[in-house]
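Asker: One structure coming up, written as structure tokens, with questions to follow.
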Amino acid sequence: MRKLVLVGLMALGACGGEERRQTVVTADGGRAEVTTHDDGGAATLNLTGANGELASFTAGDSARWPNDWPDFAPAYPGAKVQASMGGTSKDGKGGMVSFTTGDSAEKVIAFYQVRAEAAGIKVVTTTEAGGSRQFSATDDTSGRSLNVSATSEDGATQVAVVAGMKQ
């Protein structure tokens, strides 16, 4: 899948205006379908591997949360998504979302900690330094994990949420 991601990122750079589909043959003989689309507000790249693996990347002003995103890490209210990645394979699903908000780093971290704990995912680390906050939570039994980092500066908070789970 890593080879597919590299090929896909090159295709995203060439994306413009319309949906484009192509089949790519990887160095190991695998096949993948690459779909790119630019709606003028966001560019999206979807990769589908020969074994049904799926990866999706979106960036731009109208970027959104990935499809099939783990429910224990919901979209943050009022978030302005900058970029997202999501994927599924036979082993699990997950991804990353980068967004901004006018809320403080503390408020964002508290939002996700409450949801992790309600889902039975144990917070294992928390760190604070200046305007930055971070926490990691895992549930070894279910294979779910959540990592959130938030940095506040000049009235805005930049956030990265990484979530995943085993199938």
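By convention in this document, the chains of the structure tokens carry letters A, B, ... by their order, each chain's residues are numbered from 1, and ligands are numbered from 1 in the order they are shown.
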So that I can check the surroundings of stretch 93-105 of chain A, please list as a list in words every protein, DNA and RNA residue that reaches within 6 Å of it, counting only C-alpha atoms and ignoring chain neighbours fewer than 2 positions away.
Answerer: Ala79, Lys80, Val81, Gln82, Ala83, Ser84, Met85, Gly86, Gly87, Thr88, Lys107, Val108, Ala150, Thr151, Ser152, Ala156, Thr157, Gln158, Val159, Ala160, Val161, Val162, Ala163, Gly164 and Met165 of chain A
Asker: Only N, CA and C atoms, please: the residues just picked out, written as an mmCIF file, in the first residue's frame.
Answerer:
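Result file is out30.cif:
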data_model
loop_
_atom_site.group_PDB
_atom_site.id
_atom_site.type_symbol
_atom_site.label_atom_id
_atom_site.label_comp_id
_atom_site.auth_asym_id
_atom_site.auth_seq_id
_atom_site.Cartn_x
_atom_site.Cartn_y
_atom_site.Cartn_z
ATOM 1 N N ALA A 79 -15.096 22.769 13.538
ATOM 2 C CA ALA A 79 -13.736 22.621 13.022
ATOM 3 C C ALA A 79 -13.662 23.015 11.554
ATOM 4 N N LYS A 80 -12.562 23.620 11.153
ATOM 5 C CA LYS A 80 -12.276 23.927 9.755
ATOM 6 C C LYS A 80 -11.184 22.957 9.309
ATOM 7 N N VAL A 81 -11.610 21.889 8.617
ATOM 8 C CA VAL A 81 -10.667 20.845 8.199
ATOM 9 C C VAL A 81 -9.725 21.397 7.137
ATOM 10 N N GLN A 82 -8.442 21.135 7.322
ATOM 11 C CA GLN A 82 -7.431 21.550 6.356
ATOM 12 C C GLN A 82 -7.009 20.397 5.467
ATOM 13 N N ALA A 83 -6.890 19.206 6.054
ATOM 14 C CA ALA A 83 -6.490 18.020 5.298
ATOM 15 C C ALA A 83 -6.946 16.783 6.061
ATOM 16 N N SER A 84 -7.193 15.714 5.306
ATOM 17 C CA SER A 84 -7.551 14.458 5.954
ATOM 18 C C SER A 84 -7.041 13.285 5.132
ATOM 19 N N MET A 85 -6.805 12.192 5.829
ATOM 20 C CA MET A 85 -6.413 10.938 5.211
ATOM 21 C C MET A 85 -7.180 9.839 5.929
ATOM 22 N N GLY A 86 -7.646 8.883 5.212
ATOM 23 C CA GLY A 86 -8.317 7.750 5.823
ATOM 24 C C GLY A 86 -8.086 6.520 4.985
ATOM 25 N N GLY A 87 -8.174 5.361 5.622
ATOM 26 C CA GLY A 87 -7.971 4.139 4.871
ATOM 27 C C GLY A 87 -8.525 2.928 5.573
ATOM 28 N N THR A 88 -8.740 1.884 4.790
ATOM 29 C CA THR A 88 -9.186 0.600 5.314
ATOM 30 C C THR A 88 -8.369 -0.503 4.668
ATOM 31 N N LYS A 107 -9.612 22.944 25.592
ATOM 32 C CA LYS A 107 -10.994 22.565 25.307
ATOM 33 C C LYS A 107 -11.052 21.431 24.283
ATOM 34 N N VAL A 108 -10.216 21.495 23.248
ATOM 35 C CA VAL A 108 -10.175 20.446 22.228
ATOM 36 C C VAL A 108 -9.731 19.120 22.850
ATOM 37 N N ALA A 150 -2.838 19.496 19.986
ATOM 38 C CA ALA A 150 -3.445 20.798 19.726
ATOM 39 C C ALA A 150 -2.498 21.886 20.207
ATOM 40 N N THR A 151 -2.320 22.894 19.374
ATOM 41 C CA THR A 151 -1.462 24.022 19.715
ATOM 42 C C THR A 151 -2.217 25.318 19.473
ATOM 43 N N SER A 152 -2.319 26.138 20.516
ATOM 44 C CA SER A 152 -2.999 27.426 20.418
ATOM 45 C C SER A 152 -1.984 28.544 20.262
ATOM 46 N N ALA A 156 -6.050 31.103 17.577
ATOM 47 C CA ALA A 156 -6.443 29.935 16.780
ATOM 48 C C ALA A 156 -5.729 28.706 17.313
ATOM 49 N N THR A 157 -6.368 27.569 17.149
ATOM 50 C CA THR A 157 -5.766 26.313 17.587
ATOM 51 C C THR A 157 -5.655 25.376 16.405
ATOM 52 N N GLN A 158 -4.452 24.878 16.180
ATOM 53 C CA GLN A 158 -4.172 23.896 15.135
ATOM 54 C C GLN A 158 -4.223 22.520 15.782
ATOM 55 N N VAL A 159 -5.003 21.592 15.196
ATOM 56 C CA VAL A 159 -5.230 20.282 15.799
ATOM 57 C C VAL A 159 -4.925 19.181 14.797
ATOM 58 N N ALA A 160 -4.338 18.084 15.271
ATOM 59 C CA ALA A 160 -4.178 16.865 14.489
ATOM 60 C C ALA A 160 -4.767 15.714 15.301
ATOM 61 N N VAL A 161 -5.680 14.980 14.672
ATOM 62 C CA VAL A 161 -6.309 13.829 15.301
ATOM 63 C C VAL A 161 -5.956 12.604 14.467
ATOM 64 N N VAL A 162 -5.405 11.579 15.136
ATOM 65 C CA VAL A 162 -5.078 10.320 14.479
ATOM 66 C C VAL A 162 -5.852 9.238 15.205
ATOM 67 N N ALA A 163 -6.659 8.470 14.465
ATOM 68 C CA ALA A 163 -7.485 7.433 15.077
ATOM 69 C C ALA A 163 -7.388 6.169 14.243
ATOM 70 N N GLY A 164 -7.450 5.033 14.924
ATOM 71 C CA GLY A 164 -7.410 3.767 14.206
ATOM 72 C C GLY A 164 -8.022 2.658 15.018
ATOM 73 N N MET A 165 -8.390 1.584 14.307
ATOM 74 C CA MET A 165 -8.948 0.422 14.988
ATOM 75 C C MET A 165 -8.769 -0.814 14.125
#
Asker: Would you kindly return, as a list of chain:residue names, each protein, DNA or RNA residue with an atom no farther than 7 Å from any atom of A:Gln167, considering only C-alpha atoms and excluding same-chain residues fewer than 6 positions away?
Answerer: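 My list of contacting residues is A:Lys90, A:Asp91, A:Gly92.
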Asker: Could the residues in this selection be written to a file with N, CA, C and O atoms, as a JSON list (two decimals), in the first residue's frame?
Answerer:
[["chain", "number", "residue", "atom", "x", "y", "z"],
["A", 90, "LYS", "N", -7.70, -5.14, 5.30],
["A", 90, "LYS", "CA", -8.23, -6.32, 5.98],
["A", 90, "LYS", "C", -7.92, -6.30, 7.47],
["A", 90, "LYS", "O", -8.59, -6.94, 8.26],
["A", 91, "ASP", "N", -6.94, -5.51, 7.87],
["A", 91, "ASP", "CA", -6.53, -5.46, 9.27],
["A", 91, "ASP", "C", -7.23, -4.39, 10.10],
["A", 91, "ASP", "O", -7.28, -4.48, 11.33],
["A", 92, "GLY", "N", -7.75, -3.35, 9.45],
["A", 92, "GLY", "CA", -8.40, -2.29, 10.23],
["A", 92, "GLY", "C", -8.67, -1.06, 9.41],
["A", 92, "GLY", "O", -8.60, -1.07, 8.19]]
Asker: Of the candidates A:Glu53, A:Asp71, A:Asp61, A:Glu153, which shows the shortest atom-to-atom distance to A:Ala118, using only C-alpha atoms?
Answerer: A:Asp71
Asker: DSSP on the backbone, then: every residue of stretch 21-165 of chain A marked strand (DSSP E or B), written as an MDAnalysis selection string.
Answerer: chainID A and resid 21:25 31:38 42:49 54:60 80:88 92:101 122:129 132:139 144:153 156:165
Asker: If you run DSSP on this backbone, which residues of stretch 72-156 of chain A come out as helix (DSSP H, G or I), and could you give them as a PDB file with N, CA and C atoms, in the first residue's frame?
Answerer:
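Wrote part20.pdb, looks like this:
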ATOM      1  N   ALA A 105      -6.659  24.928  23.049  1.00  0.00           N
ATOM      2  CA  ALA A 105      -6.105  23.575  23.006  1.00  0.00           C
ATOM      3  C   ALA A 105      -6.675  22.734  24.155  1.00  0.00           C
ATOM      4  N   GLU A 106      -6.836  23.335  25.326  1.00  0.00           N
ATOM      5  CA  GLU A 106      -7.376  22.614  26.482  1.00  0.00           C
ATOM      6  C   GLU A 106      -8.796  22.111  26.202  1.00  0.00           C
ATOM      7  N   LYS A 107      -9.612  22.944  25.592  1.00  0.00           N
ATOM      8  CA  LYS A 107     -10.994  22.565  25.307  1.00  0.00           C
ATOM      9  C   LYS A 107     -11.052  21.431  24.283  1.00  0.00           C
ATOM     10  N   VAL A 108     -10.216  21.495  23.248  1.00  0.00           N
ATOM     11  CA  VAL A 108     -10.175  20.446  22.228  1.00  0.00           C
ATOM     12  C   VAL A 108      -9.731  19.120  22.850  1.00  0.00           C
ATOM     13  N   ILE A 109      -8.674  19.162  23.635  1.00  0.00           N
ATOM     14  CA  ILE A 109      -8.167  17.935  24.271  1.00  0.00           C
ATOM     15  C   ILE A 109      -9.232  17.351  25.192  1.00  0.00           C
ATOM     16  N   ALA A 110      -9.892  18.185  25.979  1.00  0.00           N
ATOM     17  CA  ALA A 110     -10.942  17.699  26.883  1.00  0.00           C
ATOM     18  C   ALA A 110     -12.072  17.030  26.100  1.00  0.00           C
ATOM     19  N   PHE A 111     -12.457  17.604  24.961  1.00  0.00           N
ATOM     20  CA  PHE A 111     -13.508  17.031  24.116  1.00  0.00           C
ATOM     21  C   PHE A 111     -13.158  15.593  23.725  1.00  0.00           C
ATOM     22  N   TYR A 112     -11.928  15.383  23.245  1.00  0.00           N
ATOM     23  CA  TYR A 112     -11.534  14.048  22.799  1.00  0.00           C
ATOM     24  C   TYR A 112     -11.242  13.094  23.945  1.00  0.00           C
ATOM     25  N   GLN A 113     -10.739  13.595  25.059  1.00  0.00           N
ATOM     26  CA  GLN A 113     -10.518  12.716  26.216  1.00  0.00           C
ATOM     27  C   GLN A 113     -11.842  12.160  26.732  1.00  0.00           C
ATOM     28  N   VAL A 114     -12.861  12.997  26.813  1.00  0.00           N
ATOM     29  CA  VAL A 114     -14.180  12.550  27.272  1.00  0.00           C
ATOM     30  C   VAL A 114     -14.703  11.458  26.342  1.00  0.00           C
ATOM     31  N   ARG A 115     -14.570  11.645  25.043  1.00  0.00           N
ATOM     32  CA  ARG A 115     -15.067  10.647  24.091  1.00  0.00           C
ATOM     33  C   ARG A 115     -14.268   9.356  24.152  1.00  0.00           C
ATOM     34  N   ALA A 116     -12.964   9.453  24.320  1.00  0.00           N
ATOM     35  CA  ALA A 116     -12.138   8.247  24.446  1.00  0.00           C
ATOM     36  C   ALA A 116     -12.540   7.445  25.680  1.00  0.00           C
ATOM     37  N   GLU A 117     -12.656   8.124  26.810  1.00  0.00           N
ATOM     38  CA  GLU A 117     -13.022   7.443  28.048  1.00  0.00           C
ATOM     39  C   GLU A 117     -14.422   6.840  27.955  1.00  0.00           C
ATOM     40  N   ALA A 118     -15.378   7.542  27.331  1.00  0.00           N
ATOM     41  CA  ALA A 118     -16.740   7.012  27.168  1.00  0.00           C
ATOM     42  C   ALA A 118     -16.746   5.762  26.290  1.00  0.00           C
TER      43      ALA A 118
END
Asker: With distances taken over only C-alpha atoms, which of A:Ser89, A:Asn51, A:Asn46, A:Ser149 is nearest to A:Glu128?
Answerer: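 Closest residue, counting only C-alpha atoms: A:Ser149.
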Asker: When you draw a straight line from atom CA of A:Arg133 to atom CA of A:Tyr76, how long is it in Å?
Answerer: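 According to the coordinates, atom CA of A:Arg133 and atom CA of A:Tyr76 are separated by 15.9 Å.
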Asker: For A:Ala137, work out the shell of residues within 6 Å, counting only C-alpha atoms and skipping chain neighbours fewer than 4 positions away, then give it as a ChimeraX atom specification.
Answerer: /A:121-124,145-146
